$ cat coords.txt   # compact mmCIF, N, CA and C atoms
# COMPACT_ATOMS: atom_id res chain seq x y z
N MET A 6 0.85 -1.18 0.00
CA MET A 6 0.00 0.00 0.00
C MET A 6 0.89 1.23 0.00
N THR A 7 0.58 2.16 -0.87
CA THR A 7 1.35 3.39 -0.95
C THR A 7 0.60 4.51 -0.28
N ALA A 8 1.25 5.66 -0.17
CA ALA A 8 0.60 6.82 0.44
C ALA A 8 -0.65 7.21 -0.35
N TYR A 9 -0.65 6.90 -1.63
CA TYR A 9 -1.81 7.24 -2.46
C TYR A 9 -3.02 6.37 -2.15
N ASP A 10 -2.77 5.21 -1.52
CA ASP A 10 -3.85 4.28 -1.22
C ASP A 10 -4.37 4.40 0.20
N ASP A 11 -3.81 5.32 0.99
CA ASP A 11 -4.18 5.41 2.40
C ASP A 11 -5.66 5.68 2.62
N ASP A 12 -6.32 6.32 1.66
CA ASP A 12 -7.75 6.60 1.80
C ASP A 12 -8.61 5.44 1.29
N LYS A 13 -7.98 4.37 0.85
CA LYS A 13 -8.70 3.19 0.34
C LYS A 13 -8.18 1.95 1.07
N PRO A 14 -8.56 1.78 2.33
CA PRO A 14 -8.05 0.62 3.08
C PRO A 14 -8.48 -0.69 2.42
N ALA A 15 -7.62 -1.68 2.53
CA ALA A 15 -7.89 -2.99 1.93
C ALA A 15 -7.38 -4.08 2.88
N PRO A 16 -7.97 -5.26 2.79
CA PRO A 16 -7.54 -6.36 3.65
C PRO A 16 -6.10 -6.77 3.37
N ARG A 17 -5.40 -7.21 4.43
CA ARG A 17 -4.06 -7.77 4.29
C ARG A 17 -4.17 -9.28 4.39
N GLY A 18 -3.45 -9.98 3.54
CA GLY A 18 -3.43 -11.43 3.61
C GLY A 18 -4.30 -12.09 2.56
N GLU A 19 -4.42 -13.40 2.72
CA GLU A 19 -5.16 -14.24 1.78
C GLU A 19 -6.54 -14.56 2.36
N MET A 20 -7.57 -14.44 1.52
CA MET A 20 -8.90 -14.79 2.02
C MET A 20 -8.94 -16.31 2.24
N MET A 21 -9.20 -16.69 3.49
CA MET A 21 -9.24 -18.10 3.83
C MET A 21 -10.66 -18.61 4.09
N LEU A 22 -11.58 -17.67 4.32
CA LEU A 22 -12.95 -18.08 4.61
C LEU A 22 -13.89 -16.93 4.27
N GLN A 23 -15.00 -17.28 3.62
CA GLN A 23 -16.04 -16.29 3.37
C GLN A 23 -17.36 -16.92 3.78
N VAL A 24 -18.15 -16.18 4.56
CA VAL A 24 -19.38 -16.74 5.12
C VAL A 24 -20.39 -15.61 5.30
N VAL A 25 -21.65 -15.99 5.40
CA VAL A 25 -22.73 -15.02 5.62
C VAL A 25 -23.43 -15.35 6.94
N PRO A 26 -23.42 -14.43 7.92
CA PRO A 26 -24.13 -14.70 9.18
C PRO A 26 -25.64 -14.73 8.97
N LEU A 27 -26.28 -15.66 9.64
CA LEU A 27 -27.73 -15.85 9.53
C LEU A 27 -28.42 -15.37 10.80
N PRO A 28 -29.73 -15.23 10.77
CA PRO A 28 -30.45 -14.81 11.99
C PRO A 28 -30.17 -15.71 13.19
N SER A 29 -29.89 -16.99 12.96
CA SER A 29 -29.60 -17.90 14.08
C SER A 29 -28.25 -17.61 14.73
N ASP A 30 -27.43 -16.73 14.13
CA ASP A 30 -26.12 -16.36 14.67
C ASP A 30 -26.17 -15.08 15.51
N THR A 31 -27.38 -14.65 15.86
CA THR A 31 -27.53 -13.39 16.59
C THR A 31 -28.02 -13.60 18.02
N ASN A 32 -27.85 -12.53 18.80
CA ASN A 32 -28.39 -12.53 20.16
C ASN A 32 -29.83 -12.02 20.13
N ALA A 33 -30.43 -11.82 21.29
CA ALA A 33 -31.83 -11.39 21.38
C ALA A 33 -32.05 -10.00 20.79
N ASN A 34 -30.99 -9.20 20.68
CA ASN A 34 -31.12 -7.86 20.10
C ASN A 34 -30.93 -7.83 18.59
N GLY A 35 -30.62 -9.00 18.00
CA GLY A 35 -30.44 -9.07 16.56
C GLY A 35 -29.02 -8.79 16.10
N ASP A 36 -28.08 -8.67 17.03
CA ASP A 36 -26.68 -8.44 16.68
C ASP A 36 -25.96 -9.78 16.58
N VAL A 37 -25.03 -9.88 15.62
CA VAL A 37 -24.25 -11.11 15.48
C VAL A 37 -23.36 -11.28 16.71
N PHE A 38 -23.38 -12.48 17.27
CA PHE A 38 -22.56 -12.79 18.45
C PHE A 38 -21.07 -12.61 18.14
N ALA A 39 -20.34 -12.00 19.05
CA ALA A 39 -18.89 -11.88 18.90
C ALA A 39 -18.26 -13.27 18.86
N GLY A 40 -18.78 -14.19 19.66
CA GLY A 40 -18.25 -15.55 19.68
C GLY A 40 -18.38 -16.25 18.35
N TRP A 41 -19.46 -15.98 17.62
CA TRP A 41 -19.62 -16.55 16.28
C TRP A 41 -18.50 -16.07 15.37
N LEU A 42 -18.18 -14.78 15.47
CA LEU A 42 -17.13 -14.21 14.63
C LEU A 42 -15.75 -14.77 15.00
N VAL A 43 -15.48 -14.92 16.29
CA VAL A 43 -14.20 -15.49 16.73
C VAL A 43 -14.07 -16.92 16.20
N LYS A 44 -15.16 -17.67 16.21
CA LYS A 44 -15.15 -19.03 15.67
C LYS A 44 -14.75 -19.03 14.20
N GLN A 45 -15.31 -18.12 13.42
CA GLN A 45 -14.98 -18.05 11.99
C GLN A 45 -13.50 -17.69 11.80
N MET A 46 -13.00 -16.77 12.62
CA MET A 46 -11.59 -16.38 12.55
C MET A 46 -10.68 -17.56 12.87
N ASP A 47 -11.05 -18.35 13.88
CA ASP A 47 -10.26 -19.52 14.26
C ASP A 47 -10.26 -20.56 13.15
N ILE A 48 -11.40 -20.76 12.52
CA ILE A 48 -11.49 -21.71 11.40
C ILE A 48 -10.57 -21.26 10.26
N ALA A 49 -10.62 -19.97 9.94
CA ALA A 49 -9.80 -19.44 8.85
C ALA A 49 -8.31 -19.59 9.15
N ALA A 50 -7.90 -19.17 10.34
CA ALA A 50 -6.48 -19.24 10.71
C ALA A 50 -6.01 -20.69 10.83
N ALA A 51 -6.86 -21.56 11.35
CA ALA A 51 -6.50 -22.98 11.47
C ALA A 51 -6.32 -23.61 10.09
N THR A 52 -7.08 -23.15 9.12
CA THR A 52 -6.93 -23.63 7.75
C THR A 52 -5.55 -23.27 7.22
N MET A 53 -5.15 -22.02 7.44
CA MET A 53 -3.81 -21.61 7.01
C MET A 53 -2.73 -22.37 7.77
N ALA A 54 -2.90 -22.52 9.08
CA ALA A 54 -1.93 -23.25 9.89
C ALA A 54 -1.79 -24.70 9.40
N GLY A 55 -2.90 -25.30 9.00
CA GLY A 55 -2.87 -26.67 8.49
C GLY A 55 -2.08 -26.78 7.21
N ARG A 56 -2.22 -25.79 6.35
CA ARG A 56 -1.44 -25.79 5.10
C ARG A 56 0.04 -25.64 5.39
N ILE A 57 0.37 -24.75 6.32
CA ILE A 57 1.77 -24.49 6.65
C ILE A 57 2.39 -25.69 7.35
N SER A 58 1.67 -26.26 8.32
CA SER A 58 2.21 -27.37 9.10
C SER A 58 2.05 -28.72 8.41
N GLN A 59 1.29 -28.73 7.32
CA GLN A 59 1.03 -29.95 6.55
C GLN A 59 0.44 -31.05 7.42
N GLY A 60 -0.52 -30.63 8.26
CA GLY A 60 -1.17 -31.61 9.11
C GLY A 60 -1.95 -30.94 10.23
N ARG A 61 -2.12 -31.69 11.29
CA ARG A 61 -2.91 -31.21 12.43
C ARG A 61 -2.22 -30.06 13.14
N ASN A 62 -3.04 -29.24 13.76
CA ASN A 62 -2.54 -28.13 14.57
C ASN A 62 -3.56 -27.83 15.64
N ALA A 63 -3.14 -27.08 16.65
CA ALA A 63 -4.04 -26.71 17.74
C ALA A 63 -3.87 -25.23 18.06
N THR A 64 -4.98 -24.58 18.34
CA THR A 64 -4.95 -23.18 18.76
C THR A 64 -4.41 -23.12 20.19
N VAL A 65 -3.40 -22.29 20.42
CA VAL A 65 -2.86 -22.17 21.78
C VAL A 65 -3.05 -20.77 22.36
N ALA A 66 -3.31 -19.78 21.50
CA ALA A 66 -3.51 -18.42 22.02
C ALA A 66 -4.21 -17.56 20.98
N MET A 67 -4.93 -16.56 21.50
CA MET A 67 -5.54 -15.52 20.66
C MET A 67 -5.23 -14.20 21.34
N ASP A 68 -4.78 -13.24 20.56
CA ASP A 68 -4.50 -11.92 21.10
C ASP A 68 -5.79 -11.12 21.17
N ARG A 69 -5.73 -10.02 21.87
CA ARG A 69 -6.87 -9.13 22.07
C ARG A 69 -7.49 -8.70 20.74
N MET A 70 -8.81 -8.60 20.75
CA MET A 70 -9.53 -8.11 19.57
C MET A 70 -10.40 -6.94 19.97
N GLU A 71 -10.48 -5.99 19.09
CA GLU A 71 -11.40 -4.87 19.25
C GLU A 71 -12.36 -4.90 18.08
N PHE A 72 -13.63 -4.79 18.38
CA PHE A 72 -14.63 -4.78 17.32
C PHE A 72 -14.84 -3.34 16.89
N LEU A 73 -14.45 -3.06 15.64
CA LEU A 73 -14.43 -1.70 15.13
C LEU A 73 -15.78 -1.24 14.60
N SER A 74 -16.57 -2.17 14.09
CA SER A 74 -17.88 -1.83 13.55
C SER A 74 -18.78 -3.05 13.65
N PRO A 75 -20.09 -2.84 13.64
CA PRO A 75 -21.01 -3.97 13.83
C PRO A 75 -21.05 -4.90 12.62
N LEU A 76 -21.43 -6.12 12.88
CA LEU A 76 -21.58 -7.12 11.84
C LEU A 76 -23.07 -7.39 11.67
N ARG A 77 -23.54 -7.26 10.46
CA ARG A 77 -24.98 -7.36 10.20
C ARG A 77 -25.33 -8.72 9.57
N VAL A 78 -26.49 -9.23 9.92
CA VAL A 78 -27.02 -10.45 9.33
C VAL A 78 -27.13 -10.25 7.83
N GLY A 79 -26.71 -11.26 7.08
CA GLY A 79 -26.84 -11.21 5.62
C GLY A 79 -25.66 -10.57 4.90
N SER A 80 -24.72 -9.98 5.64
CA SER A 80 -23.56 -9.37 4.98
C SER A 80 -22.54 -10.46 4.65
N GLN A 81 -21.71 -10.19 3.65
CA GLN A 81 -20.62 -11.11 3.32
C GLN A 81 -19.47 -10.82 4.26
N VAL A 82 -18.98 -11.86 4.92
CA VAL A 82 -17.89 -11.71 5.87
C VAL A 82 -16.68 -12.47 5.33
N GLY A 83 -15.56 -11.78 5.20
CA GLY A 83 -14.33 -12.39 4.72
C GLY A 83 -13.26 -12.38 5.79
N CYS A 84 -12.64 -13.53 6.02
CA CYS A 84 -11.52 -13.64 6.96
C CYS A 84 -10.23 -13.76 6.16
N TYR A 85 -9.36 -12.79 6.32
CA TYR A 85 -8.09 -12.72 5.59
C TYR A 85 -6.96 -13.06 6.55
N CYS A 86 -6.09 -13.98 6.15
CA CYS A 86 -5.03 -14.47 7.02
C CYS A 86 -3.66 -14.16 6.44
N GLU A 87 -2.75 -13.82 7.36
CA GLU A 87 -1.38 -13.51 6.98
C GLU A 87 -0.44 -14.14 8.01
N LEU A 88 0.51 -14.95 7.54
CA LEU A 88 1.50 -15.55 8.43
C LEU A 88 2.43 -14.45 8.91
N VAL A 89 2.52 -14.28 10.23
CA VAL A 89 3.34 -13.24 10.83
C VAL A 89 4.69 -13.79 11.25
N ASP A 90 4.69 -15.01 11.82
CA ASP A 90 5.93 -15.60 12.31
C ASP A 90 5.77 -17.10 12.35
N ILE A 91 6.89 -17.78 12.19
CA ILE A 91 6.89 -19.24 12.28
C ILE A 91 8.07 -19.66 13.13
N GLY A 92 7.79 -20.53 14.08
CA GLY A 92 8.84 -21.04 14.96
C GLY A 92 9.10 -22.51 14.67
N ARG A 93 9.76 -23.17 15.60
CA ARG A 93 10.06 -24.60 15.41
C ARG A 93 8.78 -25.41 15.30
N SER A 94 7.81 -25.12 16.18
CA SER A 94 6.55 -25.86 16.16
C SER A 94 5.32 -24.94 16.11
N SER A 95 5.55 -23.63 16.15
CA SER A 95 4.41 -22.70 16.24
C SER A 95 4.29 -21.80 15.01
N MET A 96 3.09 -21.27 14.85
CA MET A 96 2.78 -20.35 13.76
C MET A 96 1.91 -19.23 14.32
N LYS A 97 2.29 -17.98 14.02
CA LYS A 97 1.48 -16.83 14.40
C LYS A 97 0.81 -16.30 13.13
N ILE A 98 -0.51 -16.20 13.20
CA ILE A 98 -1.29 -15.81 12.03
C ILE A 98 -2.20 -14.64 12.40
N ASN A 99 -2.06 -13.55 11.67
CA ASN A 99 -2.94 -12.41 11.87
C ASN A 99 -4.19 -12.62 11.02
N VAL A 100 -5.35 -12.36 11.60
CA VAL A 100 -6.62 -12.50 10.89
C VAL A 100 -7.33 -11.15 10.90
N GLU A 101 -7.66 -10.66 9.71
CA GLU A 101 -8.48 -9.46 9.56
C GLU A 101 -9.85 -9.89 9.06
N VAL A 102 -10.89 -9.30 9.61
CA VAL A 102 -12.25 -9.59 9.17
C VAL A 102 -12.81 -8.34 8.51
N TRP A 103 -13.27 -8.51 7.28
CA TRP A 103 -13.88 -7.43 6.51
C TRP A 103 -15.28 -7.88 6.13
N THR A 104 -16.18 -6.92 6.02
CA THR A 104 -17.55 -7.24 5.65
C THR A 104 -18.03 -6.34 4.53
N LEU A 105 -18.93 -6.89 3.76
CA LEU A 105 -19.60 -6.12 2.71
C LEU A 105 -21.09 -6.27 2.96
N ASP A 106 -21.69 -5.18 3.40
CA ASP A 106 -23.13 -5.20 3.68
C ASP A 106 -23.91 -5.31 2.38
N ARG A 107 -25.12 -5.84 2.48
CA ARG A 107 -25.94 -6.05 1.28
C ARG A 107 -26.19 -4.77 0.49
N ALA A 108 -26.36 -3.66 1.17
CA ALA A 108 -26.69 -2.40 0.50
C ALA A 108 -25.47 -1.53 0.22
N SER A 109 -24.26 -2.08 0.37
CA SER A 109 -23.04 -1.28 0.22
C SER A 109 -22.14 -1.85 -0.86
N LYS A 110 -21.34 -0.99 -1.43
CA LYS A 110 -20.34 -1.42 -2.41
C LYS A 110 -18.94 -1.29 -1.84
N THR A 111 -18.85 -0.78 -0.60
CA THR A 111 -17.55 -0.54 0.03
C THR A 111 -17.37 -1.47 1.22
N PRO A 112 -16.35 -2.36 1.16
CA PRO A 112 -16.09 -3.22 2.31
C PRO A 112 -15.56 -2.41 3.49
N ARG A 113 -15.78 -2.92 4.70
CA ARG A 113 -15.26 -2.26 5.89
C ARG A 113 -14.69 -3.30 6.84
N LYS A 114 -13.68 -2.85 7.57
CA LYS A 114 -13.01 -3.74 8.52
C LYS A 114 -13.84 -3.84 9.79
N VAL A 115 -13.99 -5.07 10.29
CA VAL A 115 -14.77 -5.31 11.49
C VAL A 115 -13.86 -5.51 12.70
N THR A 116 -12.82 -6.33 12.53
CA THR A 116 -11.90 -6.62 13.63
C THR A 116 -10.65 -7.29 13.09
N GLU A 117 -9.68 -7.48 13.94
CA GLU A 117 -8.52 -8.31 13.62
C GLU A 117 -7.99 -8.90 14.92
N GLY A 118 -7.22 -9.97 14.78
CA GLY A 118 -6.64 -10.61 15.94
C GLY A 118 -5.48 -11.50 15.53
N LEU A 119 -4.61 -11.77 16.48
CA LEU A 119 -3.46 -12.63 16.25
C LEU A 119 -3.73 -13.99 16.89
N PHE A 120 -3.63 -15.04 16.10
CA PHE A 120 -3.87 -16.40 16.56
C PHE A 120 -2.55 -17.16 16.52
N VAL A 121 -2.31 -17.97 17.54
CA VAL A 121 -1.08 -18.77 17.62
C VAL A 121 -1.48 -20.24 17.63
N TYR A 122 -0.81 -21.02 16.79
CA TYR A 122 -1.07 -22.46 16.66
C TYR A 122 0.23 -23.22 16.85
N VAL A 123 0.11 -24.46 17.29
CA VAL A 123 1.25 -25.38 17.28
C VAL A 123 0.87 -26.57 16.41
N ALA A 124 1.88 -27.08 15.72
CA ALA A 124 1.70 -28.29 14.93
C ALA A 124 1.68 -29.47 15.89
N ILE A 125 0.76 -30.40 15.66
CA ILE A 125 0.68 -31.60 16.52
C ILE A 125 0.62 -32.85 15.64
N ASP A 126 1.04 -33.97 16.22
CA ASP A 126 0.99 -35.24 15.49
C ASP A 126 -0.35 -35.92 15.73
N GLU A 127 -0.48 -37.14 15.22
CA GLU A 127 -1.75 -37.87 15.34
C GLU A 127 -2.10 -38.24 16.77
N HIS A 128 -1.13 -38.12 17.70
CA HIS A 128 -1.37 -38.42 19.11
C HIS A 128 -1.56 -37.14 19.94
N GLY A 129 -1.56 -35.98 19.26
CA GLY A 129 -1.76 -34.71 19.95
C GLY A 129 -0.50 -34.13 20.57
N ARG A 130 0.66 -34.71 20.24
CA ARG A 130 1.94 -34.20 20.75
C ARG A 130 2.50 -33.15 19.79
N ILE A 131 3.16 -32.16 20.37
CA ILE A 131 3.76 -31.10 19.56
C ILE A 131 4.84 -31.68 18.65
N ARG A 132 4.84 -31.22 17.42
CA ARG A 132 5.84 -31.65 16.43
C ARG A 132 6.39 -30.42 15.71
N GLU A 133 7.44 -30.61 14.96
CA GLU A 133 8.04 -29.50 14.22
C GLU A 133 7.20 -29.16 13.00
N VAL A 134 7.20 -27.88 12.65
CA VAL A 134 6.58 -27.43 11.41
C VAL A 134 7.59 -27.73 10.30
N PRO A 135 7.14 -28.36 9.21
CA PRO A 135 8.08 -28.64 8.12
C PRO A 135 8.71 -27.35 7.57
N GLU A 136 9.93 -27.50 7.09
CA GLU A 136 10.63 -26.34 6.50
C GLU A 136 9.81 -25.80 5.34
N GLN A 137 9.72 -24.49 5.27
CA GLN A 137 8.91 -23.84 4.24
C GLN A 137 9.76 -23.50 3.03
N ASN A 138 9.26 -23.81 1.85
CA ASN A 138 9.92 -23.44 0.59
C ASN A 138 9.28 -22.15 0.10
N HIS A 139 10.06 -21.08 0.10
CA HIS A 139 9.48 -19.80 -0.31
C HIS A 139 9.73 -19.55 -1.75

$ encode --input "coords.txt" --output "structure tokens"
Amino acid sequence: MTAYDDDKPAPRGEMMLQVVPLPSDTNANGDVFAGWLVKQMDIAAATMAGRISQGRNATVAMDRMEFLSPLRVGSQVGCYCELVDIGRSSMKINVEVWTLDRASKTPRKVTEGLFVYVAIDEHGRIREVPEQNH
């Protein structure tokens, strides 16, 4: 992104999941549950972690999230993932959530968070992440 693009924010990373929240995903006030959104973010980041680790992985931490704008039923929700760091057995993945409301042509950022995963074997024990070919 250049200085010329600063007025046109865009998602960082690769879209790993796109979903539409339904009325069953809301609370009594009609707002989409924050927990529903965190679940989608975890699914998206775990998908990326699985590709990187070439197998099973487990969520071990999530960093703080701030909800910047509301999420509406029926809007398109995209989870964009970016690998931030990779260790011997761990992967840090930043997840940005952007939404496109039904009546809008401009996507907006809803939240972001940092998720940490470890690669695990078929017995649930920590294993090394395979060397990455860039």

$ closest_atom_pairs --input "coords.txt" --of "range 29-94 of chain A" --to "range 107-126 of chain A" --cutoff "10 Å" --atoms "only C-alpha atoms" --output "JSON lines"
{"residue": "A:Leu42", "atom": "CA", "partner": "A:Thr116", "partner_atom": "CA", "distance": 9.3}
{"residue": "A:Val43", "atom": "CA", "partner": "A:Gly118", "partner_atom": "CA", "distance": 9.0}
{"residue": "A:Met46", "atom": "CA", "partner": "A:Gly118", "partner_atom": "CA", "distance": 8.3}
{"residue": "A:Asp47", "atom": "CA", "partner": "A:Phe120", "partner_atom": "CA", "distance": 7.5}
{"residue": "A:Ala50", "atom": "CA", "partner": "A:Phe120", "partner_atom": "CA", "distance": 7.0}
{"residue": "A:Ala51", "atom": "CA", "partner": "A:Tyr122", "partner_atom": "CA", "distance": 7.5}
{"residue": "A:Ala54", "atom": "CA", "partner": "A:Tyr122", "partner_atom": "CA", "distance": 6.9}
{"residue": "A:Gly55", "atom": "CA", "partner": "A:Ala124", "partner_atom": "CA", "distance": 8.1}
{"residue": "A:Ile57", "atom": "CA", "partner": "A:Ala124", "partner_atom": "CA", "distance": 9.1}
{"residue": "A:Ser58", "atom": "CA", "partner": "A:Ala124", "partner_atom": "CA", "distance": 5.9}
{"residue": "A:Gln59", "atom": "CA", "partner": "A:Ala124", "partner_atom": "CA", "distance": 8.6}
{"residue": "A:Gly60", "atom": "CA", "partner": "A:Ala124", "partner_atom": "CA", "distance": 7.3}
{"residue": "A:Arg61", "atom": "CA", "partner": "A:Ile125", "partner_atom": "CA", "distance": 5.5}
{"residue": "A:Asn62", "atom": "CA", "partner": "A:Ala124", "partner_atom": "CA", "distance": 4.3}
{"residue": "A:Ala63", "atom": "CA", "partner": "A:Tyr122", "partner_atom": "CA", "distance": 5.3}
{"residue": "A:Thr64", "atom": "CA", "partner": "A:Tyr122", "partner_atom": "CA", "distance": 4.5}
{"residue": "A:Val65", "atom": "CA", "partner": "A:Tyr122", "partner_atom": "CA", "distance": 5.4}
{"residue": "A:Ala66", "atom": "CA", "partner": "A:Val121", "partner_atom": "CA", "distance": 5.0}
{"residue": "A:Met67", "atom": "CA", "partner": "A:Phe120", "partner_atom": "CA", "distance": 4.5}
{"residue": "A:Asp68", "atom": "CA", "partner": "A:Leu119", "partner_atom": "CA", "distance": 5.0}
{"residue": "A:Arg69", "atom": "CA", "partner": "A:Gly118", "partner_atom": "CA", "distance": 6.3}
{"residue": "A:Met70", "atom": "CA", "partner": "A:Gly118", "partner_atom": "CA", "distance": 5.3}
{"residue": "A:Glu71", "atom": "CA", "partner": "A:Thr116", "partner_atom": "CA", "distance": 5.9}
{"residue": "A:Phe72", "atom": "CA", "partner": "A:Thr116", "partner_atom": "CA", "distance": 4.9}
{"residue": "A:Leu73", "atom": "CA", "partner": "A:Val115", "partner_atom": "CA", "distance": 5.1}
{"residue": "A:Ser74", "atom": "CA", "partner": "A:Val115", "partner_atom": "CA", "distance": 5.1}
{"residue": "A:Pro75", "atom": "CA", "partner": "A:Val115", "partner_atom": "CA", "distance": 6.8}
{"residue": "A:Leu76", "atom": "CA", "partner": "A:Val115", "partner_atom": "CA", "distance": 7.1}
{"residue": "A:Arg77", "atom": "CA", "partner": "A:Arg107", "partner_atom": "CA", "distance": 9.1}
{"residue": "A:Val78", "atom": "CA", "partner": "A:Arg107", "partner_atom": "CA", "distance": 9.2}
{"residue": "A:Gly79", "atom": "CA", "partner": "A:Arg107", "partner_atom": "CA", "distance": 6.8}
{"residue": "A:Ser80", "atom": "CA", "partner": "A:Arg107", "partner_atom": "CA", "distance": 5.5}
{"residue": "A:Gln81", "atom": "CA", "partner": "A:Arg107", "partner_atom": "CA", "distance": 7.6}
{"residue": "A:Val82", "atom": "CA", "partner": "A:Val115", "partner_atom": "CA", "distance": 9.1}
{"residue": "A:Gly83", "atom": "CA", "partner": "A:Lys114", "partner_atom": "CA", "distance": 9.5}
{"residue": "A:Cys84", "atom": "CA", "partner": "A:Glu117", "partner_atom": "CA", "distance": 9.0}
{"residue": "A:Tyr85", "atom": "CA", "partner": "A:Glu117", "partner_atom": "CA", "distance": 9.2}
{"residue": "A:Cys86", "atom": "CA", "partner": "A:Leu119", "partner_atom": "CA", "distance": 9.5}
{"residue": "A:Glu87", "atom": "CA", "partner": "A:Leu119", "partner_atom": "CA", "distance": 9.5}
{"residue": "A:Leu88", "atom": "CA", "partner": "A:Leu119", "partner_atom": "CA", "distance": 9.7}
{"residue": "A:Val89", "atom": "CA", "partner": "A:Leu119", "partner_atom": "CA", "distance": 8.7}
{"residue": "A:Asp90", "atom": "CA", "partner": "A:Val121", "partner_atom": "CA", "distance": 9.3}
{"residue": "A:Ile91", "atom": "CA", "partner": "A:Val121", "partner_atom": "CA", "distance": 9.6}
{"residue": "A:Gly92", "atom": "CA", "partner": "A:Val123", "partner_atom": "CA", "distance": 9.0}
{"residue": "A:Arg93", "atom": "CA", "partner": "A:Val123", "partner_atom": "CA", "distance": 9.0}
{"residue": "A:Ser94", "atom": "CA", "partner": "A:Val123", "partner_atom": "CA", "distance": 5.4}

$ select_by_dssp --input "coords.txt" --residues "chain A" --states "strand (DSSP E or B)" --output "ChimeraX atom specification"
/A:19-24,31,37,62-67,81-91,95-105,113-125,131

$ atom_distance --input "coords.txt" --atom1 "atom C of Asn138 in chain A" --atom2 "atom C of Arg56 in chain A"
11.2 Å

$ atom_distance --input "coords.txt" --atom1 "CA of Gln137 in chain A" --atom2 "CA of Leu22 in chain A"
22.6 Å

$ closest_residue --input "coords.txt" --among "A:Leu27, A:Val134, A:Ala33, A:Met20" --to "Val102 in chain A" --atoms "only C-alpha atoms"
A:Met20

$ atom_distance --input "coords.txt" --atom1 "CA of Phe38 in chain A" --atom2 "CA of Lys97 in chain A"
24.7 Å

$ decode --input "coords.txt" --residues "range 109-114 of chain A" --atoms "all heavy atoms" --output "short mmCIF file (atom, residue, chain, number, x, y, z; two decimals), in the first residue's frame"
data_model
loop_
_atom_site.label_atom_id
_atom_site.label_comp_id
_atom_site.auth_asym_id
_atom_site.auth_seq_id
_atom_site.Cartn_x
_atom_site.Cartn_y
_atom_site.Cartn_z
N SER A 109 -24.26 -2.08 0.37
CA SER A 109 -23.04 -1.28 0.22
C SER A 109 -22.14 -1.85 -0.86
O SER A 109 -22.18 -3.05 -1.15
CB SER A 109 -22.28 -1.26 1.55
OG SER A 109 -21.08 -0.56 1.41
N LYS A 110 -21.34 -0.99 -1.43
CA LYS A 110 -20.34 -1.42 -2.41
C LYS A 110 -18.94 -1.29 -1.84
O LYS A 110 -17.96 -1.62 -2.49
CB LYS A 110 -20.46 -0.59 -3.69
CG LYS A 110 -21.75 -0.84 -4.42
CD LYS A 110 -21.81 -0.05 -5.70
CE LYS A 110 -23.13 -0.33 -6.40
NZ LYS A 110 -23.26 0.40 -7.63
N THR A 111 -18.85 -0.78 -0.60
CA THR A 111 -17.55 -0.54 0.03
C THR A 111 -17.37 -1.47 1.22
O THR A 111 -18.12 -1.40 2.19
CB THR A 111 -17.46 0.93 0.50
OG1 THR A 111 -17.76 1.79 -0.58
CG2 THR A 111 -16.08 1.22 1.05
N PRO A 112 -16.35 -2.36 1.16
CA PRO A 112 -16.09 -3.22 2.31
C PRO A 112 -15.56 -2.41 3.49
O PRO A 112 -14.96 -1.35 3.31
CB PRO A 112 -15.05 -4.21 1.81
CG PRO A 112 -14.45 -3.58 0.62
CD PRO A 112 -15.42 -2.59 0.07
N ARG A 113 -15.78 -2.92 4.70
CA ARG A 113 -15.26 -2.26 5.89
C ARG A 113 -14.69 -3.30 6.84
O ARG A 113 -15.15 -4.43 6.88
CB ARG A 113 -16.34 -1.42 6.57
CG ARG A 113 -17.52 -2.18 7.04
CD ARG A 113 -18.66 -1.26 7.52
NE ARG A 113 -19.85 -2.05 7.72
CZ ARG A 113 -20.08 -2.81 8.77
NH1 ARG A 113 -19.22 -2.85 9.76
NH2 ARG A 113 -21.19 -3.52 8.87
N LYS A 114 -13.68 -2.85 7.57
CA LYS A 114 -13.01 -3.74 8.52
C LYS A 114 -13.84 -3.84 9.79
O LYS A 114 -14.31 -2.83 10.31
CB LYS A 114 -11.62 -3.20 8.84
CG LYS A 114 -10.77 -4.13 9.67
CD LYS A 114 -9.37 -3.54 9.81
CE LYS A 114 -8.47 -4.40 10.61
NZ LYS A 114 -7.11 -3.82 10.69
#
